[in-house]
$ cat protein_17.txt   # compact mmCIF, C-alpha atoms
# COMPACT_ATOMS: atom_id res chain seq x y z
CA MET V 4 -38.20 -18.55 -37.75
CA THR V 5 -37.28 -17.99 -41.37
CA ARG V 6 -37.69 -21.70 -41.96
CA ARG V 7 -41.34 -21.46 -40.84
CA ALA V 8 -42.02 -18.25 -42.68
CA ALA V 9 -41.10 -19.56 -46.12
CA PRO V 10 -44.02 -21.95 -46.67
CA LEU V 11 -46.43 -19.49 -45.07
CA LEU V 12 -45.34 -16.78 -47.46
CA ALA V 13 -45.63 -19.10 -50.43
CA LEU V 14 -49.11 -20.17 -49.26
CA ALA V 15 -50.19 -16.56 -48.78
CA LEU V 16 -49.07 -15.74 -52.31
CA ALA V 17 -50.92 -18.72 -53.75
CA VAL V 18 -54.13 -18.03 -51.82
CA GLY V 19 -53.99 -14.37 -52.63
CA CYS V 20 -54.07 -15.15 -56.35
CA ALA V 21 -56.83 -17.82 -56.24
CA ASN V 22 -60.52 -17.06 -56.63
CA ALA V 23 -63.09 -18.76 -54.39
CA PRO V 24 -64.90 -21.44 -56.42
CA VAL V 25 -68.45 -20.78 -57.57
CA GLU V 26 -70.76 -23.14 -55.68
CA LEU V 27 -72.93 -25.45 -57.74
CA THR V 28 -75.75 -26.62 -55.47
CA LEU V 29 -77.56 -29.77 -56.54
CA ARG V 30 -80.95 -29.59 -54.83
CA PHE V 31 -82.55 -33.02 -54.48
CA PRO V 32 -86.31 -33.22 -53.74
CA ASN V 33 -85.50 -34.85 -50.40
CA GLU V 34 -82.89 -36.96 -48.67
CA GLN V 35 -84.62 -40.18 -49.72
CA ALA V 36 -84.22 -39.34 -53.42
CA PHE V 37 -80.51 -38.83 -52.84
CA LEU V 38 -80.24 -42.12 -50.95
CA GLN V 39 -81.94 -43.98 -53.79
CA SER V 40 -79.20 -42.83 -56.18
CA ASP V 41 -75.80 -44.48 -56.42
CA PHE V 42 -74.06 -42.45 -59.08
CA GLY V 43 -74.11 -38.91 -60.33
CA ARG V 44 -72.75 -37.05 -63.31
CA LEU V 45 -72.29 -33.37 -63.98
CA LEU V 46 -72.17 -31.93 -67.46
CA VAL V 47 -71.58 -28.34 -68.48
CA TYR V 48 -72.50 -27.07 -71.92
CA PRO V 49 -71.52 -23.76 -73.45
CA VAL V 50 -74.53 -21.55 -74.11
CA ASP V 51 -74.91 -18.82 -76.68
CA PRO V 52 -76.23 -15.78 -74.76
CA ALA V 53 -78.22 -14.71 -77.82
CA ASP V 54 -80.43 -17.75 -78.20
CA GLY V 55 -79.27 -20.47 -75.81
CA LEU V 56 -80.80 -19.33 -72.54
CA GLY V 57 -83.73 -21.71 -72.99
CA ALA V 58 -81.52 -24.69 -73.72
CA CYS V 59 -82.36 -26.70 -70.59
CA PRO V 60 -85.46 -28.67 -71.62
CA ALA V 61 -83.80 -30.06 -74.73
CA LEU V 62 -80.54 -30.80 -72.92
CA VAL V 63 -82.30 -32.69 -70.12
CA GLU V 64 -84.47 -34.64 -72.54
CA SER V 65 -81.42 -35.65 -74.58
CA ALA V 66 -79.34 -36.53 -71.53
CA VAL V 67 -82.11 -38.68 -70.02
CA SER V 68 -82.42 -40.43 -73.39
CA GLY V 69 -78.71 -41.21 -73.28
CA ASP V 70 -77.52 -38.59 -75.76
CA LEU V 71 -75.05 -36.43 -73.87
CA GLY V 72 -74.04 -34.35 -76.87
CA ALA V 73 -70.78 -32.43 -76.59
CA PRO V 74 -70.38 -31.01 -73.09
CA ARG V 75 -67.51 -28.66 -72.36
CA TYR V 76 -67.02 -30.39 -69.01
CA ASP V 77 -68.04 -33.90 -68.03
CA SER V 78 -67.41 -35.27 -64.55
CA GLU V 79 -68.02 -38.82 -65.85
CA GLN V 80 -69.90 -41.22 -63.60
CA ARG V 81 -69.06 -40.61 -59.92
CA PRO V 82 -70.39 -42.15 -56.72
CA ILE V 83 -73.31 -40.00 -55.62
CA CYS V 84 -71.66 -39.16 -52.32
CA ALA V 85 -68.69 -37.67 -54.18
CA LEU V 86 -71.02 -34.90 -55.40
CA ARG V 87 -71.53 -33.89 -51.81
CA ASP V 88 -68.20 -34.47 -50.19
CA PRO V 89 -65.59 -33.57 -51.36
CA GLY V 90 -67.72 -32.29 -54.25
CA ILE V 91 -66.84 -32.23 -57.91
CA THR V 92 -64.64 -29.38 -59.00
CA PHE V 93 -64.20 -28.00 -62.49
CA ASP V 94 -61.09 -25.93 -62.56
CA ASP V 95 -60.01 -23.43 -65.17
CA PHE V 96 -63.63 -22.60 -65.90
CA PRO V 97 -64.26 -19.71 -68.29
CA GLU V 98 -66.65 -16.95 -67.33
CA GLY V 99 -69.91 -16.65 -69.19
CA PRO V 100 -73.27 -18.39 -69.48
CA HIS V 101 -73.34 -22.17 -69.31
CA ALA V 102 -75.98 -24.87 -68.95
CA PHE V 103 -75.25 -27.00 -65.88
CA VAL V 104 -76.85 -30.44 -66.20
CA ALA V 105 -76.86 -32.94 -63.33
CA LEU V 106 -77.93 -36.59 -63.54
CA ALA V 107 -78.39 -39.18 -60.80
CA TYR V 108 -78.95 -42.88 -61.33
CA ARG V 109 -78.43 -46.30 -59.80
CA ASP V 110 -76.51 -48.92 -61.70
CA ASP V 111 -77.86 -48.19 -65.15
CA PRO V 112 -76.72 -44.89 -66.64
CA GLN V 113 -79.42 -45.28 -69.28
CA ALA V 114 -82.13 -45.11 -66.60
CA THR V 115 -81.64 -41.71 -65.02
CA LEU V 116 -83.57 -41.40 -61.75
CA LEU V 117 -83.23 -37.65 -61.28
CA ALA V 118 -82.16 -34.89 -63.61
CA GLY V 119 -81.84 -31.14 -63.44
CA CYS V 120 -80.53 -28.23 -65.44
CA ARG V 121 -79.88 -24.53 -64.94
CA VAL V 122 -78.52 -21.93 -67.29
CA ALA V 123 -76.42 -19.54 -65.28
CA GLU V 124 -73.44 -17.32 -65.55
CA ALA V 125 -70.34 -18.15 -63.57
CA TYR V 126 -67.97 -15.35 -62.74
CA VAL V 127 -65.67 -14.31 -59.96
CA ASP V 128 -67.64 -14.00 -56.69
CA ALA V 129 -70.85 -15.12 -58.43
CA PRO V 130 -73.70 -16.38 -56.22
CA ALA V 131 -74.22 -20.15 -55.98
CA VAL V 132 -75.76 -21.80 -59.03
CA GLU V 133 -78.64 -24.00 -57.95
CA VAL V 134 -79.69 -26.98 -60.05
CA THR V 135 -83.00 -28.48 -58.95
CA MET V 136 -83.16 -32.23 -59.46
CA PHE V 137 -86.51 -33.67 -60.56
CA PRO V 138 -87.51 -37.36 -60.72
CA THR V 139 -87.62 -38.71 -64.26
CA ARG V 140 -89.99 -41.21 -65.82
CA PHE V 141 -87.69 -44.01 -64.60
CA TYR V 142 -87.83 -43.04 -60.94
CA ALA V 143 -91.07 -44.69 -59.87
CA ASP V 144 -90.25 -48.03 -61.53
CA ALA V 145 -86.72 -48.09 -60.18
CA VAL V 146 -87.51 -47.11 -56.63
CA GLY V 147 -90.83 -48.89 -56.33
CA GLY V 148 -91.85 -47.04 -53.21
CA ALA V 149 -89.38 -48.90 -51.01
CA PRO V 150 -87.43 -46.50 -48.81
CA SER V 151 -83.68 -46.83 -48.68
CA PRO V 152 -82.43 -48.47 -45.48
CA CYS V 153 -79.44 -46.10 -45.47
CA THR V 154 -78.96 -42.81 -43.77
CA LEU V 155 -76.95 -40.05 -45.33
CA GLU V 156 -74.04 -40.85 -43.07
CA SER V 157 -74.12 -44.63 -43.47
CA LYS V 158 -74.42 -44.38 -47.24
CA CYS V 159 -71.54 -42.01 -47.61
CA ASN V 160 -69.18 -43.57 -45.11
CA GLY V 161 -69.75 -47.00 -46.62
CA THR V 162 -71.38 -48.71 -43.65
CA CYS V 163 -74.76 -49.19 -45.31
CA GLN V 164 -74.95 -52.30 -47.49
CA MET G 26 -34.59 -81.26 -64.61
CA GLN G 27 -33.88 -77.55 -64.64
CA ARG G 28 -33.10 -77.75 -68.38
CA TYR G 29 -36.51 -79.35 -69.08
CA LEU G 30 -38.13 -76.64 -67.01
CA SER G 31 -36.39 -73.93 -69.03
CA VAL G 32 -37.53 -75.53 -72.28
CA ALA G 33 -41.08 -75.76 -70.97
CA VAL G 34 -41.06 -72.10 -69.93
CA ALA G 35 -39.66 -71.07 -73.31
CA LEU G 36 -42.32 -73.11 -75.10
CA ALA G 37 -45.06 -71.60 -72.97
CA ALA G 38 -43.77 -68.08 -73.72
CA TRP G 39 -43.61 -68.89 -77.43
CA ALA G 40 -47.15 -70.26 -77.32
CA ALA G 41 -48.39 -67.14 -75.57
CA LEU G 42 -46.71 -64.85 -78.08
CA ALA G 43 -47.71 -66.94 -81.08
CA GLY G 44 -51.37 -67.14 -80.01
CA PRO G 45 -52.64 -63.96 -81.67
CA ALA G 46 -50.59 -64.65 -84.79
CA ARG G 47 -52.16 -68.08 -85.12
CA ALA G 48 -55.59 -66.53 -84.69
CA GLN G 49 -54.94 -64.16 -87.55
CA GLU G 50 -53.95 -66.98 -89.82
CA PRO G 51 -57.45 -68.28 -90.63
CA LEU G 52 -58.64 -64.71 -91.07
CA THR G 53 -55.82 -64.11 -93.55
CA ARG G 54 -56.82 -67.30 -95.36
CA ALA G 55 -60.40 -66.11 -95.43
CA GLU G 56 -59.30 -62.79 -96.97
CA ASP G 57 -57.22 -64.66 -99.57
CA ALA G 58 -60.11 -66.95 -100.42
CA TYR G 59 -62.43 -63.94 -100.72
CA GLN G 60 -60.00 -62.30 -103.14
CA ALA G 61 -60.00 -65.56 -105.09
CA VAL G 62 -63.85 -65.54 -105.11
CA ASP G 63 -63.89 -68.90 -103.33
CA PHE G 64 -66.85 -68.32 -101.02
CA GLU G 65 -66.90 -71.77 -99.49
CA ALA G 66 -63.26 -71.47 -98.43
CA THR G 67 -63.96 -67.91 -97.26
CA ARG G 68 -66.79 -69.05 -95.03
CA ASP G 69 -64.87 -72.02 -93.64
CA ALA G 70 -61.75 -70.01 -92.83
CA ALA G 71 -63.79 -67.16 -91.34
CA LEU G 72 -65.67 -69.63 -89.15
CA GLU G 73 -62.34 -71.08 -88.04
CA ALA G 74 -61.14 -67.56 -87.14
CA LEU G 75 -64.37 -66.92 -85.23
CA ARG G 76 -64.03 -70.17 -83.26
CA SER G 77 -60.41 -69.44 -82.41
CA GLY G 78 -61.68 -66.95 -79.83
CA GLN G 79 -58.72 -64.63 -80.25
CA LEU G 80 -60.08 -61.85 -82.43
CA ASP G 81 -60.05 -58.22 -81.44
CA PRO G 82 -63.09 -56.01 -82.23
CA ALA G 83 -61.78 -54.91 -85.65
CA GLN G 84 -60.93 -58.47 -86.69
CA LEU G 85 -64.26 -59.73 -85.42
CA THR G 86 -66.12 -57.09 -87.41
CA ARG G 87 -64.29 -58.09 -90.56
CA THR G 88 -64.90 -61.77 -89.85
CA TYR G 89 -68.65 -61.23 -89.63
CA GLU G 90 -68.57 -59.25 -92.85
CA LEU G 91 -66.77 -62.07 -94.65
CA LEU G 92 -69.16 -64.62 -93.14
CA GLY G 93 -72.17 -62.58 -94.23
CA VAL G 94 -71.00 -62.06 -97.79
CA SER G 95 -69.85 -65.65 -98.30
CA SER G 96 -73.02 -67.12 -96.78
CA ALA G 97 -75.14 -64.88 -99.00
CA ALA G 98 -73.14 -65.97 -102.05
CA LEU G 99 -73.67 -69.62 -101.11
CA GLY G 100 -77.43 -69.05 -100.82
CA GLU G 101 -77.51 -69.41 -97.04
CA LEU G 102 -79.62 -66.31 -96.62
CA ASP G 103 -80.77 -66.78 -93.02
CA ALA G 104 -77.20 -67.32 -91.85
CA ALA G 105 -76.04 -64.33 -93.89
CA ARG G 106 -78.69 -62.10 -92.32
CA ASP G 107 -77.64 -63.26 -88.85
CA TYR G 108 -73.96 -62.57 -89.55
CA PHE G 109 -74.74 -59.15 -90.96
CA LEU G 110 -76.87 -58.34 -87.94
CA ARG G 111 -73.93 -59.23 -85.68
CA LEU G 112 -71.71 -57.08 -87.85
CA LEU G 113 -74.08 -54.14 -87.40
CA TRP G 114 -74.20 -54.61 -83.63
CA LEU G 115 -70.43 -54.28 -83.58
CA ASP G 116 -70.30 -51.44 -86.09
CA PRO G 117 -73.66 -49.73 -86.72
CA SER G 118 -72.15 -47.73 -89.59
CA ALA G 119 -70.71 -50.77 -91.37
CA GLN G 120 -71.22 -50.65 -95.13
CA LEU G 121 -70.65 -53.43 -97.62
CA ASP G 122 -68.00 -53.14 -100.27
CA ASP G 123 -69.35 -51.61 -103.51
CA SER G 124 -68.22 -54.70 -105.36
CA VAL G 125 -70.75 -56.87 -103.48
CA SER G 126 -73.52 -57.84 -105.87
CA PRO G 127 -77.17 -56.85 -105.22
CA ARG G 128 -78.12 -60.51 -104.60
CA MET G 129 -75.55 -60.81 -101.84
CA ARG G 130 -76.53 -57.39 -100.51
CA GLU G 131 -80.17 -58.31 -99.82
CA PRO G 132 -79.62 -60.05 -96.44
CA TYR G 133 -77.45 -57.12 -95.41
CA LEU G 134 -80.29 -54.68 -96.12
CA GLU G 135 -82.69 -56.88 -94.14
CA ALA G 136 -80.23 -56.97 -91.25
CA ARG G 137 -79.86 -53.21 -91.41
CA GLY G 138 -83.64 -52.85 -91.13
CA ALA G 139 -83.73 -55.22 -88.17
CA ARG G 140 -80.88 -53.36 -86.49
CA THR G 141 -82.51 -49.98 -86.99
CA ALA G 142 -85.66 -51.25 -85.32
CA ARG G 143 -83.73 -52.18 -82.19
CA SER G 144 -82.45 -49.30 -80.13
CA GLY G 145 -79.35 -49.16 -78.00
CA SER G 146 -75.88 -50.42 -78.59
CA LEU G 147 -73.32 -52.58 -76.89
CA SER G 148 -71.68 -50.42 -74.27
CA VAL G 149 -69.81 -50.68 -71.03
CA GLU G 150 -69.13 -48.08 -68.38
CA ALA G 151 -66.98 -48.28 -65.27
CA GLY G 152 -66.72 -46.35 -62.04
CA ILE G 153 -65.38 -46.69 -58.52
CA ASP G 154 -67.68 -47.90 -55.79
CA ARG G 155 -65.67 -46.64 -52.85
CA ALA G 156 -68.11 -47.94 -50.27
CA THR G 157 -67.22 -51.53 -51.20
CA SER G 158 -63.76 -50.91 -52.70
CA ARG G 159 -64.85 -52.27 -56.05
CA VAL G 160 -64.75 -51.31 -59.69
CA HIS G 161 -68.34 -51.03 -60.74
CA VAL G 162 -69.07 -52.00 -64.35
CA THR G 163 -72.33 -51.41 -66.14
CA LEU G 164 -72.89 -53.46 -69.29
CA ARG G 165 -75.59 -52.87 -71.87
CA ASP G 166 -75.92 -55.65 -74.37
CA PRO G 167 -79.07 -55.42 -76.48
CA SER G 168 -77.35 -57.74 -78.99
CA ALA G 169 -77.21 -60.59 -76.46
CA MET G 170 -73.77 -61.46 -77.87
CA ALA G 171 -71.79 -60.86 -74.68
CA ARG G 172 -70.95 -63.92 -72.62
CA ARG G 173 -68.15 -62.82 -70.32
CA VAL G 174 -66.63 -59.56 -69.13
CA ARG G 175 -62.95 -59.18 -68.28
CA VAL G 176 -62.17 -56.38 -65.85
CA ALA G 177 -58.56 -55.36 -65.24
CA ALA G 178 -57.81 -52.57 -62.80
CA ARG G 179 -55.03 -51.11 -60.72
CA LEU G 180 -54.57 -48.06 -58.56
CA GLU G 181 -53.26 -45.14 -60.59
CA GLY G 182 -49.51 -45.41 -60.96
CA GLY G 183 -49.47 -49.12 -60.07
CA THR G 184 -47.72 -51.72 -62.18
CA ASP G 185 -49.83 -54.86 -62.07
CA TYR G 186 -53.47 -55.14 -62.97
CA THR G 187 -55.91 -57.19 -60.96
CA VAL G 188 -57.67 -59.12 -63.73
CA GLN G 189 -61.03 -60.76 -63.12
CA GLU G 190 -63.52 -62.38 -65.45
CA TYR G 191 -67.26 -62.62 -64.92
CA GLU G 192 -70.33 -63.95 -66.62
CA ALA G 193 -71.83 -61.09 -68.62
CA ARG G 194 -74.60 -59.32 -66.74
CA ALA G 195 -75.93 -55.80 -66.51
CA GLU G 196 -74.01 -54.95 -63.39
CA LEU G 197 -70.68 -56.20 -62.15
CA ALA G 198 -68.50 -55.32 -59.22
CA ALA G 199 -64.84 -56.31 -59.30
CA PRO G 200 -63.02 -56.04 -55.96
CA LEU G 201 -59.88 -53.90 -56.06
CA SER G 202 -57.87 -53.55 -52.91
CA GLY G 203 -57.33 -49.89 -52.02
CA ALA G 204 -60.03 -48.52 -54.35
CA ASP G 205 -61.94 -47.20 -51.34
CA THR G 206 -59.25 -44.65 -50.57
CA ALA G 207 -57.52 -44.20 -53.93
CA ASP G 208 -58.10 -40.98 -55.82
CA ARG G 209 -58.08 -42.66 -59.17
CA ILE G 210 -57.83 -46.07 -60.74
CA GLU G 211 -56.70 -47.24 -64.16
CA TYR G 212 -58.72 -49.95 -65.84
CA TYR G 213 -59.60 -51.68 -69.04
CA VAL G 214 -62.67 -53.74 -69.72
CA GLU G 215 -63.17 -56.33 -72.44
CA VAL G 216 -66.54 -57.79 -73.36
CA LEU G 217 -66.13 -61.30 -74.74
CA ASP G 218 -68.38 -63.39 -76.96
CA LEU G 219 -69.18 -67.09 -76.81
CA HIS G 220 -65.77 -68.03 -78.21
CA GLY G 221 -63.71 -65.52 -76.23
CA ASN G 222 -63.35 -62.95 -79.01
CA VAL G 223 -63.37 -59.34 -77.85
CA LEU G 224 -66.65 -57.71 -78.84
CA LEU G 225 -65.87 -54.41 -77.20
CA ALA G 226 -62.83 -53.07 -75.41
CA GLN G 227 -62.57 -49.98 -73.26
CA GLY G 228 -58.94 -49.12 -72.83
CA GLY G 229 -56.15 -51.66 -72.92
CA PRO G 230 -53.21 -52.78 -70.82
CA PHE G 231 -50.99 -50.09 -72.30
CA ALA G 232 -53.63 -47.39 -72.68
CA PRO G 233 -55.92 -47.82 -69.68
CA ARG G 234 -58.89 -45.63 -68.93
CA VAL G 235 -58.72 -43.52 -65.79
CA VAL G 236 -61.64 -42.95 -63.45
CA GLY G 237 -61.83 -41.18 -60.12
CA ARG G 238 -61.55 -37.79 -58.61
CA GLU G 239 -58.99 -35.06 -58.59
CA PRO G 240 -56.39 -35.81 -55.91
CA THR G 241 -57.73 -34.47 -52.64
CA SER G 242 -54.43 -34.13 -50.82
CA ALA G 243 -51.63 -32.33 -52.58
CA SER G 244 -48.33 -34.11 -52.19
CA SER G 245 -46.08 -31.34 -51.07
CA GLY G 246 -42.86 -33.30 -51.43
CA SER G 247 -41.29 -31.10 -48.79
CA SER G 248 -38.93 -33.72 -47.52
CA GLU G 249 -36.26 -32.53 -45.26
CA GLY G 250 -32.90 -32.48 -46.98
CA GLY G 251 -30.90 -34.64 -44.65
CA ASP G 252 -27.53 -34.22 -46.28
CA GLY G 253 -26.33 -31.85 -43.58
CA GLY G 254 -26.31 -28.72 -45.81
CA GLY G 255 -27.80 -25.39 -44.62
CA SER G 256 -31.41 -24.62 -45.54
CA ILE G 257 -31.97 -22.56 -48.68
CA VAL G 258 -34.23 -20.17 -46.73
CA GLU G 259 -31.22 -19.06 -44.76
CA ASP G 260 -29.61 -17.77 -47.93
CA PRO G 261 -30.43 -14.04 -48.47
CA LEU G 262 -30.29 -14.60 -52.20
CA PHE G 263 -33.31 -16.91 -51.85
CA TRP G 264 -35.41 -14.06 -50.44
CA VAL G 265 -34.24 -11.63 -53.09
CA VAL G 266 -35.19 -14.11 -55.83
CA LEU G 267 -38.50 -14.99 -54.12
CA ILE G 268 -39.60 -11.38 -53.67
CA GLY G 269 -38.53 -10.54 -57.22
CA ALA G 270 -40.46 -13.53 -58.55
CA ALA G 271 -43.52 -12.61 -56.46
CA ALA G 272 -43.43 -9.07 -57.83
CA LEU G 273 -43.15 -10.40 -61.38
CA VAL G 274 -46.00 -12.88 -60.88
CA GLY G 275 -48.19 -10.25 -59.22
CA GLY G 276 -47.53 -7.78 -62.00
CA GLY G 277 -48.15 -10.44 -64.62
CA VAL G 278 -51.40 -11.52 -63.05
CA GLY G 279 -52.60 -7.95 -62.74
CA LEU G 280 -51.71 -7.24 -66.34
CA GLY G 281 -53.30 -10.48 -67.49
CA VAL G 282 -56.54 -9.77 -65.66
CA GLY G 283 -56.57 -6.26 -67.00
CA LEU G 284 -56.02 -7.34 -70.57
CA ASP G 285 -58.20 -10.44 -70.54
CA GLN G 286 -61.67 -9.85 -69.19
CA GLN G 287 -62.57 -13.53 -69.54
CA SER G 288 -60.78 -14.74 -66.43
CA ARG G 289 -60.76 -18.37 -65.32
CA ILE G 290 -62.55 -19.53 -62.23
CA SER G 291 -63.51 -22.84 -60.67
CA VAL G 292 -66.88 -24.39 -59.93
CA GLN G 293 -67.53 -26.83 -57.11
CA SER G 294 -70.59 -28.97 -56.45
CA GLU G 295 -72.48 -29.47 -53.21
CA VAL G 296 -75.78 -31.13 -52.34
CA ALA G 297 -78.90 -29.73 -50.67
CA PHE G 298 -82.32 -31.21 -49.95
CA GLY G 299 -85.90 -30.04 -50.23
CA PHE G 300 -87.50 -27.67 -52.71
$ encode --input "protein_17.txt" --output "structure tokens"
Amino acid sequence: MTRRAAPLLALALAVGCANAPVELTLRFPNEQAFLQSDFGRLLVYPVDPADGLGACPALVESAVSGDLGAPRYDSEQRPICALRDPGITFDDFPEGPHAFVALAYRDDPQATLLAGCRVAEAYVDAPAVEVTMFPTRFYADAVGGAPSPCTLESKCNGTCQ
Amino acid sequence: MQRYLSVAVALAAWAALAGPARAQEPLTRAEDAYQAVDFEATRDAALEALRSGQLDPAQLTRTYELLGVSSAALGELDAARDYFLRLLWLDPSAQLDDSVSPRMREPYLEARGARTARSGSLSVEAGIDRATSRVHVTLRDPSAMARRVRVAARLEGGTDYTVQEYEARAELAAPLSGADTADRIEYYVEVLDLHGNVLLAQGGPFAPRVVGREPTSASSGSSEGGDGGGSIVEDPLFWVVLIGAAALVGGGVGLGVGLDQQSRISVQSEVAFGF
């Protein structure tokens, strides 16, 4: 009995001290736009609450042009499905306003297909931060109107070639 | 027979170790000739170093600088401009020594103008393509200097790299057994020129880059003892220490939160569709 109780007690202590993560929802225009992407990248920039709340347009423009500046957090290039499951986690995240920038592309990180940004404040028990992903100027050329043959499941479980 | 084999192995090992040293030799001669203001010897030795195919990025940069300066001094202005342009592709901030005369500097300035007009830079980026268990490499080479790409990768914590070489192209996929399920992989990538010199290196065998995700399954390491001793949880002292420690941690956390308003949290991504 005591043998079983020990790990449970330790787990209860650990869980009791941990905060639930703040959800960062990346909203793609539709499933097809997600399927057309192969890689994703999340970047988080510190924002000055006095004058940085309108930072998104410049950050997105720079990121799409290949200039990522100096993010506080950078997920690096990840397979697009990793953004969904298990998701990308930034631990040890300080409270306060940040600009959350998300990029999605195929094989060329210089040709971003979709990009989005949201300035939001993350704090304990904060509501989900939603970043809306918009097609960039590269999207139409890269996709060319051809729908992806994959489904969400086949793409992310590796059965779609 | 075995003795001959041992000698052959020793010779092969010596040759492998001596390779880089031999490659440096012509570059050292080129430096010496440059110090002696013998531009013809500088150019010839630098060309020999270039053709050896064993230069690292820093040596290659210096070789192109020596080639540019010596060619300019010998009046071979087109060649000098081409060498300087290659130098600037490798190091966009490269500056010529102050001692270089204005006449020899002219092709460098032309090359700088040509370089400025062309955007982008030589770069390489790697990631895991779990769906196909491959290391995915993206190469950008606006200089058109890259000929081959060497990709070496192993699962994190492994000992041996799987090394593969490919013709340079914008997108490469190097198979790596186990990459589909591994949390992270260690890799290094080398972009090679026509002669086999390293134009660009990301990581190295002893300082690899790491790519992947945070480990998804915590390794608890809760192996059963097995030496026949009684479990620690049956010792009352364990519970006294555990409860005392829990009280201390709880108090510390409470105090910390109270004192420091800027607490630390975590952020996790998810995906949704439709506006």
$ atom_distance --input "protein_17.txt" --atom1 "atom CA of G:Val292" --atom2 "atom CA of G:Pro233"
27.6 Å
$ interface_residues --input "protein_17.txt" --of "chain V" --to "chain G" --cutoff "6 Å" --atoms "all atoms listed in the file" --output "PyMOL selection string"
chain V and resi 24-34+87+90-98+161
$ residues_around --input "protein_17.txt" --residues "G:Leu110" --least-positions-apart "2" --cutoff "7 Å" --atoms "only C-alpha atoms" --output "short mmCIF file (atom, residue, chain, number, x, y, z; two decimals) with C-alpha atoms, keeping the file's coordinate frame"
data_model
loop_
_atom_site.label_atom_id
_atom_site.label_comp_id
_atom_site.auth_asym_id
_atom_site.auth_seq_id
_atom_site.Cartn_x
_atom_site.Cartn_y
_atom_site.Cartn_z
CA ARG G 106 -78.69 -62.10 -92.32
CA ASP G 107 -77.64 -63.26 -88.85
CA TYR G 108 -73.96 -62.57 -89.55
CA LEU G 112 -71.71 -57.08 -87.85
CA LEU G 113 -74.08 -54.14 -87.40
CA TRP G 114 -74.20 -54.61 -83.63
CA ALA G 136 -80.23 -56.97 -91.25
CA ARG G 137 -79.86 -53.21 -91.41
CA ARG G 140 -80.88 -53.36 -86.49
#
$ atom_distance --input "protein_17.txt" --atom1 "atom CA of G:Thr86" --atom2 "atom CA of G:Leu115"
6.4 Å
$ atom_distance --input "protein_17.txt" --atom1 "atom CA of G:Arg175" --atom2 "atom CA of G:Arg143"
26.0 Å
$ axis_aligned_box --input "protein_17.txt" --around "stretch 113-124 of chain G" --padding-each-side "4 Å" --output "lines of an AutoDock Vina configuration file"
center_x = -71.1
center_y = -51.2
center_z = -94.5
size_x = 14.2
size_y = 15.0
size_z = 29.8
$ closest_residue --input "protein_17.txt" --among "G:Ser96, G:Ser144, G:Gln79, G:Gln189" --to "G:Asp218" --atoms "all atoms listed in the file"
G:Gln79
$ residues_near_point --input "protein_17.txt" --point "(-74.7, -44.5, -60.1)" --cutoff "9 Å" --atoms "only C-alpha atoms" --output "list in words"
Ser40, Asp41, Phe42, Gly43, Arg44, Gln80, Arg81, Pro82, Ile83, Ala107, Tyr108, Arg109, Asp110, Asp111, Pro112 and Thr115 of chain V; Gly152 and Asp154 of chain G
$ decode --input "protein_17.txt" --residues "stretch 88-98 of chain V" --atoms "N, CA and C atoms" --output "PDB file, in the first residue's frame"
ATOM      1  N   ASP V  88       0.129  18.236 -32.783  1.00  0.00           N
ATOM      2  CA  ASP V  88       0.217  17.126 -31.856  1.00  0.00           C
ATOM      3  C   ASP V  88       1.649  16.606 -31.850  1.00  0.00           C
ATOM      4  N   PRO V  89       2.412  16.725 -30.801  1.00  0.00           N
ATOM      5  CA  PRO V  89       1.986  17.056 -29.439  1.00  0.00           C
ATOM      6  C   PRO V  89       1.883  18.548 -29.169  1.00  0.00           C
ATOM      7  N   GLY V  90       2.178  19.398 -30.143  1.00  0.00           N
ATOM      8  CA  GLY V  90       2.193  20.830 -29.897  1.00  0.00           C
ATOM      9  C   GLY V  90       3.576  21.263 -29.446  1.00  0.00           C
ATOM     10  N   ILE V  91       3.860  22.536 -29.657  1.00  0.00           N
ATOM     11  CA  ILE V  91       5.160  23.066 -29.242  1.00  0.00           C
ATOM     12  C   ILE V  91       4.977  23.783 -27.910  1.00  0.00           C
ATOM     13  N   THR V  92       5.829  23.470 -26.992  1.00  0.00           N
ATOM     14  CA  THR V  92       5.697  24.038 -25.652  1.00  0.00           C
ATOM     15  C   THR V  92       6.892  24.926 -25.340  1.00  0.00           C
ATOM     16  N   PHE V  93       6.610  26.110 -24.863  1.00  0.00           N
ATOM     17  CA  PHE V  93       7.657  26.968 -24.318  1.00  0.00           C
ATOM     18  C   PHE V  93       7.487  26.975 -22.807  1.00  0.00           C
ATOM     19  N   ASP V  94       8.442  26.405 -22.149  1.00  0.00           N
ATOM     20  CA  ASP V  94       8.368  26.371 -20.696  1.00  0.00           C
ATOM     21  C   ASP V  94       9.064  27.589 -20.097  1.00  0.00           C
ATOM     22  N   ASP V  95       8.832  27.793 -18.825  1.00  0.00           N
ATOM     23  CA  ASP V  95       9.519  28.863 -18.097  1.00  0.00           C
ATOM     24  C   ASP V  95       9.298  30.204 -18.778  1.00  0.00           C
ATOM     25  N   PHE V  96       8.043  30.450 -19.126  1.00  0.00           N
ATOM     26  CA  PHE V  96       7.670  31.626 -19.904  1.00  0.00           C
ATOM     27  C   PHE V  96       7.300  32.763 -18.950  1.00  0.00           C
ATOM     28  N   PRO V  97       7.893  33.930 -19.111  1.00  0.00           N
ATOM     29  CA  PRO V  97       7.565  35.013 -18.173  1.00  0.00           C
ATOM     30  C   PRO V  97       6.222  35.655 -18.498  1.00  0.00           C
ATOM     31  N   GLU V  98       5.523  36.086 -17.492  1.00  0.00           N
ATOM     32  CA  GLU V  98       4.266  36.801 -17.724  1.00  0.00           C
ATOM     33  C   GLU V  98       4.547  38.124 -18.420  1.00  0.00           C
TER      34      GLU V  98
END
